[in-house]
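Have a look at coords_28.json; it's JSON, C-alpha atoms:
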```json
[["chain", "number", "residue", "atom", "x", "y", "z"],
["A", 1, "MET", "CA", 34.50, -7.71, 37.59],
["A", 2, "PRO", "CA", 32.00, -6.02, 35.25],
["A", 3, "PRO", "CA", 31.21, -2.36, 35.90],
["A", 4, "GLU", "CA", 28.35, -1.55, 38.25],
["A", 5, "ILE", "CA", 25.27, 0.48, 37.41],
["A", 6, "GLU", "CA", 24.94, 3.65, 39.47],
["A", 7, "ASP", "CA", 21.45, 5.18, 39.32],
["A", 8, "LEU", "CA", 21.72, 8.90, 40.09],
["A", 9, "GLY", "CA", 17.98, 9.50, 39.85],
["A", 10, "ARG", "CA", 17.17, 13.08, 38.87],
["A", 11, "ALA", "CA", 20.25, 15.29, 39.03],
["A", 12, "ALA", "CA", 21.73, 18.59, 37.88],
["A", 13, "TYR", "CA", 24.08, 18.33, 34.93],
["A", 14, "PRO", "CA", 27.24, 19.89, 36.48],
["A", 15, "ALA", "CA", 27.31, 17.34, 39.30],
["A", 16, "VAL", "CA", 26.88, 14.46, 36.88],
["A", 17, "LEU", "CA", 29.61, 15.80, 34.58],
["A", 18, "ALA", "CA", 31.98, 16.01, 37.55],
["A", 19, "ARG", "CA", 31.05, 12.45, 38.53],
["A", 20, "MET", "CA", 31.75, 11.19, 35.00],
["A", 21, "ARG", "CA", 35.16, 12.79, 34.93],
["A", 22, "GLU", "CA", 35.99, 11.46, 38.41],
["A", 23, "LEU", "CA", 35.05, 7.92, 37.35],
["A", 24, "HIS", "CA", 37.04, 8.26, 34.14],
["A", 25, "ALA", "CA", 40.14, 9.10, 36.19],
["A", 26, "GLN", "CA", 39.53, 6.07, 38.42],
["A", 27, "VAL", "CA", 39.20, 3.73, 35.42],
["A", 28, "HIS", "CA", 42.34, 5.20, 33.87],
["A", 29, "ALA", "CA", 44.21, 4.65, 37.14],
["A", 30, "GLY", "CA", 43.00, 1.04, 37.32],
["A", 31, "ALA", "CA", 41.12, 1.64, 40.57],
["A", 32, "ILE", "CA", 37.80, 0.41, 39.10],
["A", 33, "SER", "CA", 36.81, -1.51, 35.96],
["A", 34, "GLY", "CA", 34.17, 1.06, 35.13],
["A", 35, "ARG", "CA", 30.75, 2.37, 36.04],
["A", 36, "ILE", "CA", 27.51, 2.82, 34.10],
["A", 37, "LEU", "CA", 25.52, 5.87, 35.16],
["A", 38, "PHE", "CA", 21.75, 6.17, 34.75],
["A", 39, "VAL", "CA", 20.38, 9.68, 35.20],
["A", 40, "GLU", "CA", 17.40, 11.91, 34.45],
["A", 41, "HIS", "CA", 18.85, 15.39, 34.09],
["A", 42, "ASP", "CA", 17.35, 18.61, 35.27],
["A", 43, "PRO", "CA", 16.69, 20.69, 32.12],
["A", 44, "VAL", "CA", 19.92, 21.70, 30.36],
["A", 45, "TYR", "CA", 21.32, 22.34, 26.90],
["A", 46, "THR", "CA", 24.77, 20.91, 26.15],
["A", 47, "ALA", "CA", 27.00, 21.50, 23.14],
["A", 48, "GLY", "CA", 29.53, 19.07, 21.72],
["A", 49, "ARG", "CA", 32.72, 19.75, 19.82],
["A", 50, "ALA", "CA", 31.01, 20.16, 16.44],
["A", 51, "THR", "CA", 28.98, 23.17, 17.64],
["A", 52, "LYS", "CA", 29.74, 26.37, 15.75],
["A", 53, "ALA", "CA", 30.83, 29.37, 17.81],
["A", 54, "GLY", "CA", 27.78, 31.40, 16.76],
["A", 55, "ASP", "CA", 25.41, 28.72, 18.06],
["A", 56, "PHE", "CA", 26.44, 29.07, 21.70],
["A", 57, "GLY", "CA", 24.26, 30.93, 24.19],
["A", 58, "PRO", "CA", 24.50, 31.74, 27.89],
["A", 59, "GLU", "CA", 22.41, 28.72, 28.90],
["A", 60, "ILE", "CA", 24.37, 26.18, 26.85],
["A", 61, "VAL", "CA", 27.07, 24.06, 28.53],
["A", 62, "PRO", "CA", 30.09, 23.27, 26.30],
["A", 63, "ILE", "CA", 31.40, 19.74, 26.80],
["A", 64, "GLU", "CA", 33.96, 17.38, 25.27],
["A", 65, "ARG", "CA", 31.62, 14.93, 23.56],
["A", 66, "GLY", "CA", 31.15, 14.81, 19.82],
["A", 67, "GLY", "CA", 28.14, 16.28, 18.10],
["A", 68, "LYS", "CA", 26.28, 19.57, 18.39],
["A", 69, "ILE", "CA", 23.67, 21.03, 20.74],
["A", 70, "THR", "CA", 21.05, 18.87, 22.41],
["A", 71, "PHE", "CA", 18.59, 19.11, 25.28],
["A", 72, "HIS", "CA", 18.40, 16.94, 28.39],
["A", 73, "GLY", "CA", 15.40, 17.08, 30.67],
["A", 74, "HIS", "CA", 12.73, 15.32, 32.66],
["A", 75, "GLY", "CA", 11.28, 12.21, 31.08],
["A", 76, "GLN", "CA", 14.57, 11.30, 29.42],
["A", 77, "LEU", "CA", 16.89, 8.48, 30.51],
["A", 78, "VAL", "CA", 20.57, 9.14, 29.91],
["A", 79, "VAL", "CA", 23.05, 6.24, 30.06],
["A", 80, "TYR", "CA", 26.73, 7.05, 30.54],
["A", 81, "PRO", "CA", 29.08, 4.02, 30.38],
["A", 82, "ILE", "CA", 32.43, 5.09, 31.84],
["A", 83, "VAL", "CA", 34.29, 2.01, 30.65],
["A", 84, "ARG", "CA", 37.24, 0.90, 28.56],
["A", 85, "LEU", "CA", 36.21, 0.32, 24.97],
["A", 86, "PRO", "CA", 35.91, -3.37, 24.08],
["A", 87, "ARG", "CA", 37.97, -2.60, 20.94],
["A", 88, "HIS", "CA", 40.20, 0.30, 19.96],
["A", 89, "ASP", "CA", 37.63, 1.26, 17.36],
["A", 90, "LEU", "CA", 35.43, 4.33, 17.79],
["A", 91, "ARG", "CA", 33.03, 3.34, 15.03],
["A", 92, "ASP", "CA", 32.52, -0.05, 16.71],
["A", 93, "TRP", "CA", 31.74, 1.77, 19.96],
["A", 94, "LEU", "CA", 29.13, 3.96, 18.27],
["A", 95, "ARG", "CA", 27.57, 0.89, 16.65],
["A", 96, "ARG", "CA", 27.24, -0.64, 20.11],
["A", 97, "PHE", "CA", 25.30, 2.41, 21.29],
["A", 98, "GLU", "CA", 23.09, 2.17, 18.21],
["A", 99, "ALA", "CA", 22.45, -1.53, 18.85],
["A", 100, "PHE", "CA", 21.62, -0.77, 22.48],
["A", 101, "GLY", "CA", 19.13, 1.93, 21.45],
["A", 102, "VAL", "CA", 17.52, -0.28, 18.79],
["A", 103, "ALA", "CA", 17.18, -3.18, 21.27],
["A", 104, "LEU", "CA", 15.68, -0.87, 23.89],
["A", 105, "CYS", "CA", 13.06, 0.30, 21.40],
["A", 106, "ALA", "CA", 12.31, -3.31, 20.44],
["A", 107, "ALA", "CA", 11.59, -4.10, 24.09],
["A", 108, "PHE", "CA", 8.60, -1.76, 23.77],
["A", 109, "GLY", "CA", 7.44, -3.12, 20.43],
["A", 110, "LEU", "CA", 9.07, -0.38, 18.36],
["A", 111, "ALA", "CA", 11.00, -1.07, 15.15],
["A", 112, "ALA", "CA", 13.95, 1.34, 15.28],
["A", 113, "GLU", "CA", 16.80, 2.17, 12.95],
["A", 114, "PRO", "CA", 20.21, 3.66, 13.71],
["A", 115, "SER", "CA", 21.28, 6.89, 12.06],
["A", 116, "VAL", "CA", 23.80, 6.71, 9.25],
["A", 117, "ASP", "CA", 26.42, 8.65, 11.22],
["A", 118, "GLY", "CA", 26.31, 6.94, 14.62],
["A", 119, "THR", "CA", 24.54, 9.80, 16.38],
["A", 120, "GLY", "CA", 21.10, 8.45, 17.14],
["A", 121, "VAL", "CA", 18.19, 6.04, 16.87],
["A", 122, "PHE", "CA", 15.00, 6.68, 14.90],
["A", 123, "VAL", "CA", 11.48, 5.24, 14.94],
["A", 124, "ASN", "CA", 9.31, 5.99, 11.90],
["A", 125, "GLY", "CA", 11.77, 8.65, 10.81],
["A", 126, "ARG", "CA", 11.75, 10.52, 14.11],
["A", 127, "LYS", "CA", 14.62, 10.63, 16.57],
["A", 128, "VAL", "CA", 14.01, 9.02, 19.97],
["A", 129, "ALA", "CA", 17.62, 8.65, 21.16],
["A", 130, "SER", "CA", 20.75, 10.76, 20.72],
["A", 131, "ILE", "CA", 24.35, 9.53, 20.97],
["A", 132, "GLY", "CA", 27.36, 11.66, 21.82],
["A", 133, "VAL", "CA", 30.63, 10.35, 23.22],
["A", 134, "ALA", "CA", 34.16, 11.33, 24.06],
["A", 135, "VAL", "CA", 36.98, 8.79, 24.26],
["A", 136, "LYS", "CA", 40.19, 9.45, 26.20],
["A", 137, "HIS", "CA", 42.81, 6.75, 26.77],
["A", 138, "TRP", "CA", 40.28, 4.40, 25.12],
["A", 139, "ILE", "CA", 37.88, 5.03, 28.02],
["A", 140, "SER", "CA", 34.43, 6.37, 27.21],
["A", 141, "LEU", "CA", 32.73, 9.50, 28.52],
["A", 142, "HIS", "CA", 29.13, 10.63, 27.88],
["A", 143, "GLY", "CA", 26.74, 8.26, 26.08],
["A", 144, "ILE", "CA", 23.14, 7.97, 24.93],
["A", 145, "SER", "CA", 19.97, 9.84, 25.88],
["A", 146, "ILE", "CA", 16.64, 8.07, 25.37],
["A", 147, "ASN", "CA", 13.53, 10.23, 25.16],
["A", 148, "VAL", "CA", 10.90, 8.34, 27.13],
["A", 149, "ALA", "CA", 7.99, 10.68, 27.94],
["A", 150, "MET", "CA", 9.11, 14.26, 27.43],
["A", 151, "ASP", "CA", 7.84, 17.73, 26.82],
["A", 152, "LEU", "CA", 9.61, 18.14, 23.48],
["A", 153, "THR", "CA", 9.11, 21.92, 23.38],
["A", 154, "PRO", "CA", 12.67, 22.80, 24.55],
["A", 155, "PHE", "CA", 14.13, 21.12, 21.45],
["A", 156, "PHE", "CA", 12.50, 23.88, 19.38],
["A", 157, "ALA", "CA", 14.83, 26.49, 20.89],
["A", 158, "VAL", "CA", 17.81, 24.90, 19.10],
["A", 159, "ARG", "CA", 18.61, 22.67, 16.16],
["A", 160, "PRO", "CA", 19.12, 19.43, 18.12],
["A", 161, "CYS", "CA", 22.20, 17.65, 16.80],
["A", 162, "GLY", "CA", 21.99, 20.01, 13.84],
["A", 163, "LEU", "CA", 18.53, 18.70, 12.81],
["A", 164, "ALA", "CA", 15.12, 20.31, 12.53],
["A", 165, "PRO", "CA", 13.45, 20.16, 15.97],
["A", 166, "GLU", "CA", 10.32, 18.62, 14.46],
["A", 167, "ILE", "CA", 12.26, 15.39, 13.99],
["A", 168, "MET", "CA", 12.46, 14.78, 17.75],
["A", 169, "SER", "CA", 10.06, 12.34, 19.41],
["A", 170, "ASP", "CA", 9.93, 9.99, 22.38],
["A", 171, "LEU", "CA", 9.09, 6.36, 23.08],
["A", 172, "SER", "CA", 5.64, 7.11, 24.48],
["A", 173, "THR", "CA", 4.62, 9.02, 21.35],
["A", 174, "ALA", "CA", 6.07, 6.34, 19.08],
["A", 175, "ALA", "CA", 4.29, 3.55, 20.97],
["A", 176, "ALA", "CA", 1.03, 5.54, 21.33],
["A", 177, "ARG", "CA", 0.95, 4.69, 25.03],
["A", 178, "ALA", "CA", 2.48, 5.96, 28.23],
["A", 179, "ILE", "CA", 5.90, 4.46, 28.91],
["A", 180, "THR", "CA", 7.55, 5.28, 32.22],
["A", 181, "LEU", "CA", 11.16, 6.03, 32.99],
["A", 182, "GLU", "CA", 11.22, 3.09, 35.41],
["A", 183, "GLU", "CA", 10.11, 0.70, 32.67],
["A", 184, "VAL", "CA", 12.91, 1.90, 30.41],
["A", 185, "LYS", "CA", 15.46, 1.70, 33.24],
["A", 186, "ALA", "CA", 14.48, -1.92, 33.84],
["A", 187, "ALA", "CA", 14.88, -2.77, 30.16],
["A", 188, "ALA", "CA", 18.18, -0.88, 30.00],
["A", 189, "ARG", "CA", 19.55, -2.79, 32.98],
["A", 190, "ALA", "CA", 18.86, -6.05, 31.17],
["A", 191, "MET", "CA", 20.57, -4.90, 27.96],
["A", 192, "VAL", "CA", 23.38, -2.57, 28.90],
["A", 193, "PHE", "CA", 25.88, -5.34, 29.67],
["A", 194, "VAL", "CA", 25.10, -7.09, 26.39],
["A", 195, "HIS", "CA", 25.95, -4.04, 24.30],
["A", 196, "LEU", "CA", 28.07, -1.60, 26.34],
["A", 197, "ALA", "CA", 29.97, -3.53, 29.01],
["A", 198, "PRO", "CA", 33.66, -3.98, 28.22],
["A", 199, "ARG", "CA", 34.48, -7.44, 27.01],
["A", 200, "ASN", "CA", 38.05, -8.44, 26.15],
["A", 201, "PRO", "CA", 39.42, -4.88, 25.85],
["A", 202, "VAL", "CA", 42.38, -4.61, 23.47]]
```

Is it possible to express this structure as structure tokens?
Amino acid sequence: MPPEIEDLGRAAYPAVLARMRELHAQVHAGAISGRILFVEHDPVYTAGRATKAGDFGPEIVPIERGGKITFHGHGQLVVYPIVRLPRHDLRDWLRRFEAFGVALCAAFGLAAEPSVDGTGVFVNGRKVASIGVAVKHWISLHGISINVAMDLTPFFAVRPCGLAPEIMSDLSTAAARAITLEEVKAAARAMVFVHLAPRNPV
């Protein structure tokens, strides 16, 4: 059975992190095949393993994913596939996230490009999606955040993913029209199993 999508709506980060880790344990134990979480986080900064010690602050949550500091907030769809990797190949897994992000942009008429290091998706040189994962026992944690219609101001308090904050954008800005979270959820539901569902794990 393919993993199910679980839409958490708008939720605080600590509860979602606990849910991810709980699902990871269930996949590892063989109790479920996996689960794909959709969520719009309450505002939070998180820091991955590449964050330097001096960059941490009291409002920043350290987590096990790769990458540096980023912001999650309202108007952003985050997709967390808690699944076994289709191949024992981390770079392949990151490419799948990139392909998912590029396809999602295309659904809204936007020509997107993946980053060179597997950490995001860009439209016209500006970042609209960020990727950060952790893999344990060849089961994925964390995932991709897609900026849909955001107040981008909080990105200016940090260097998101180590980049200048001015590089951040969202789908609505890129498309020059209002795009809703529900529209992006619908498109993501149609694409997530093409790119991120486990197929023939090895």

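A straight line drawn from atom CA of A:Ile36 to atom CA of A:Glu59 is 26.9 Å long.
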
- Message: My list of candidates is A:His88, A:Gly101, A:Val116, A:Gly75. Which is closest to A:Ser172 when distances are computed with all atoms listed in the file?
- Response: A:Gly75

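Checking A:Ala176, A:Arg21, A:Leu37, A:Glu64 one by one against A:Ala50, counting all atoms listed in the file, you find the shortest gap at A:Glu64.
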
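Going from atom CA of A:Pro86 over to atom CA of A:Arg10, you cover 29.0 Å.
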
Taking (18.4, 4.5, 29.0) in the file's own coordinates, collect the residues within 10 Å, counting all atoms listed in the file, and hand them back as a PDB file with C-alpha atoms, keeping the file's coordinate frame.
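See part19.pdb below for the written result:
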```pdb
ATOM      1  CA  LEU A  37      25.520   5.870  35.160  1.00  0.00           C
ATOM      2  CA  PHE A  38      21.750   6.170  34.750  1.00  0.00           C
ATOM      3  CA  VAL A  39      20.380   9.680  35.200  1.00  0.00           C
ATOM      4  CA  GLU A  40      17.400  11.910  34.450  1.00  0.00           C
ATOM      5  CA  GLN A  76      14.570  11.300  29.420  1.00  0.00           C
ATOM      6  CA  LEU A  77      16.890   8.480  30.510  1.00  0.00           C
ATOM      7  CA  VAL A  78      20.570   9.140  29.910  1.00  0.00           C
ATOM      8  CA  VAL A  79      23.050   6.240  30.060  1.00  0.00           C
ATOM      9  CA  TYR A  80      26.730   7.050  30.540  1.00  0.00           C
ATOM     10  CA  PHE A 100      21.620  -0.770  22.480  1.00  0.00           C
ATOM     11  CA  GLY A 101      19.130   1.930  21.450  1.00  0.00           C
ATOM     12  CA  LEU A 104      15.680  -0.870  23.890  1.00  0.00           C
ATOM     13  CA  ALA A 129      17.620   8.650  21.160  1.00  0.00           C
ATOM     14  CA  GLY A 143      26.740   8.260  26.080  1.00  0.00           C
ATOM     15  CA  ILE A 144      23.140   7.970  24.930  1.00  0.00           C
ATOM     16  CA  SER A 145      19.970   9.840  25.880  1.00  0.00           C
ATOM     17  CA  ILE A 146      16.640   8.070  25.370  1.00  0.00           C
ATOM     18  CA  ASN A 147      13.530  10.230  25.160  1.00  0.00           C
ATOM     19  CA  VAL A 148      10.900   8.340  27.130  1.00  0.00           C
ATOM     20  CA  LEU A 181      11.160   6.030  32.990  1.00  0.00           C
ATOM     21  CA  GLU A 182      11.220   3.090  35.410  1.00  0.00           C
ATOM     22  CA  GLU A 183      10.110   0.700  32.670  1.00  0.00           C
ATOM     23  CA  VAL A 184      12.910   1.900  30.410  1.00  0.00           C
ATOM     24  CA  LYS A 185      15.460   1.700  33.240  1.00  0.00           C
ATOM     25  CA  ALA A 186      14.480  -1.920  33.840  1.00  0.00           C
ATOM     26  CA  ALA A 187      14.880  -2.770  30.160  1.00  0.00           C
ATOM     27  CA  ALA A 188      18.180  -0.880  30.000  1.00  0.00           C
ATOM     28  CA  ARG A 189      19.550  -2.790  32.980  1.00  0.00           C
ATOM     29  CA  MET A 191      20.570  -4.900  27.960  1.00  0.00           C
ATOM     30  CA  VAL A 192      23.380  -2.570  28.900  1.00  0.00           C
TER      31      VAL A 192
END
```

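Nearest-residue note for A:Ala164: choosing from A:Gln26, A:Ser140, A:Thr70, A:Thr180, the minimum distance belongs to A:Thr70, counting only C-alpha atoms.
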
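Of the listed residues A:Val123, A:Val135, A:Met150, A:Ala103, the one whose atoms come nearest to A:Ile167 is A:Val123, with distances taken using only C-alpha atoms.
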
- Message: List the spatial neighbours of A:Gly162 as JSON, numbers by chain - criterion: any atom at most 12 Å away, all atoms listed in the file, same-chain residues fewer than 4 positions off excluded.
- Response: {"A": [47, 48, 50, 51, 52, 55, 67, 68, 69, 70, 71, 119, 130, 155, 156, 157, 158, 166, 167, 168]}

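Using all atoms listed in the file, the nearest neighbour of A:Phe193 within the list A:Lys127, A:Arg177, A:Arg49, A:Arg96 is A:Arg96.
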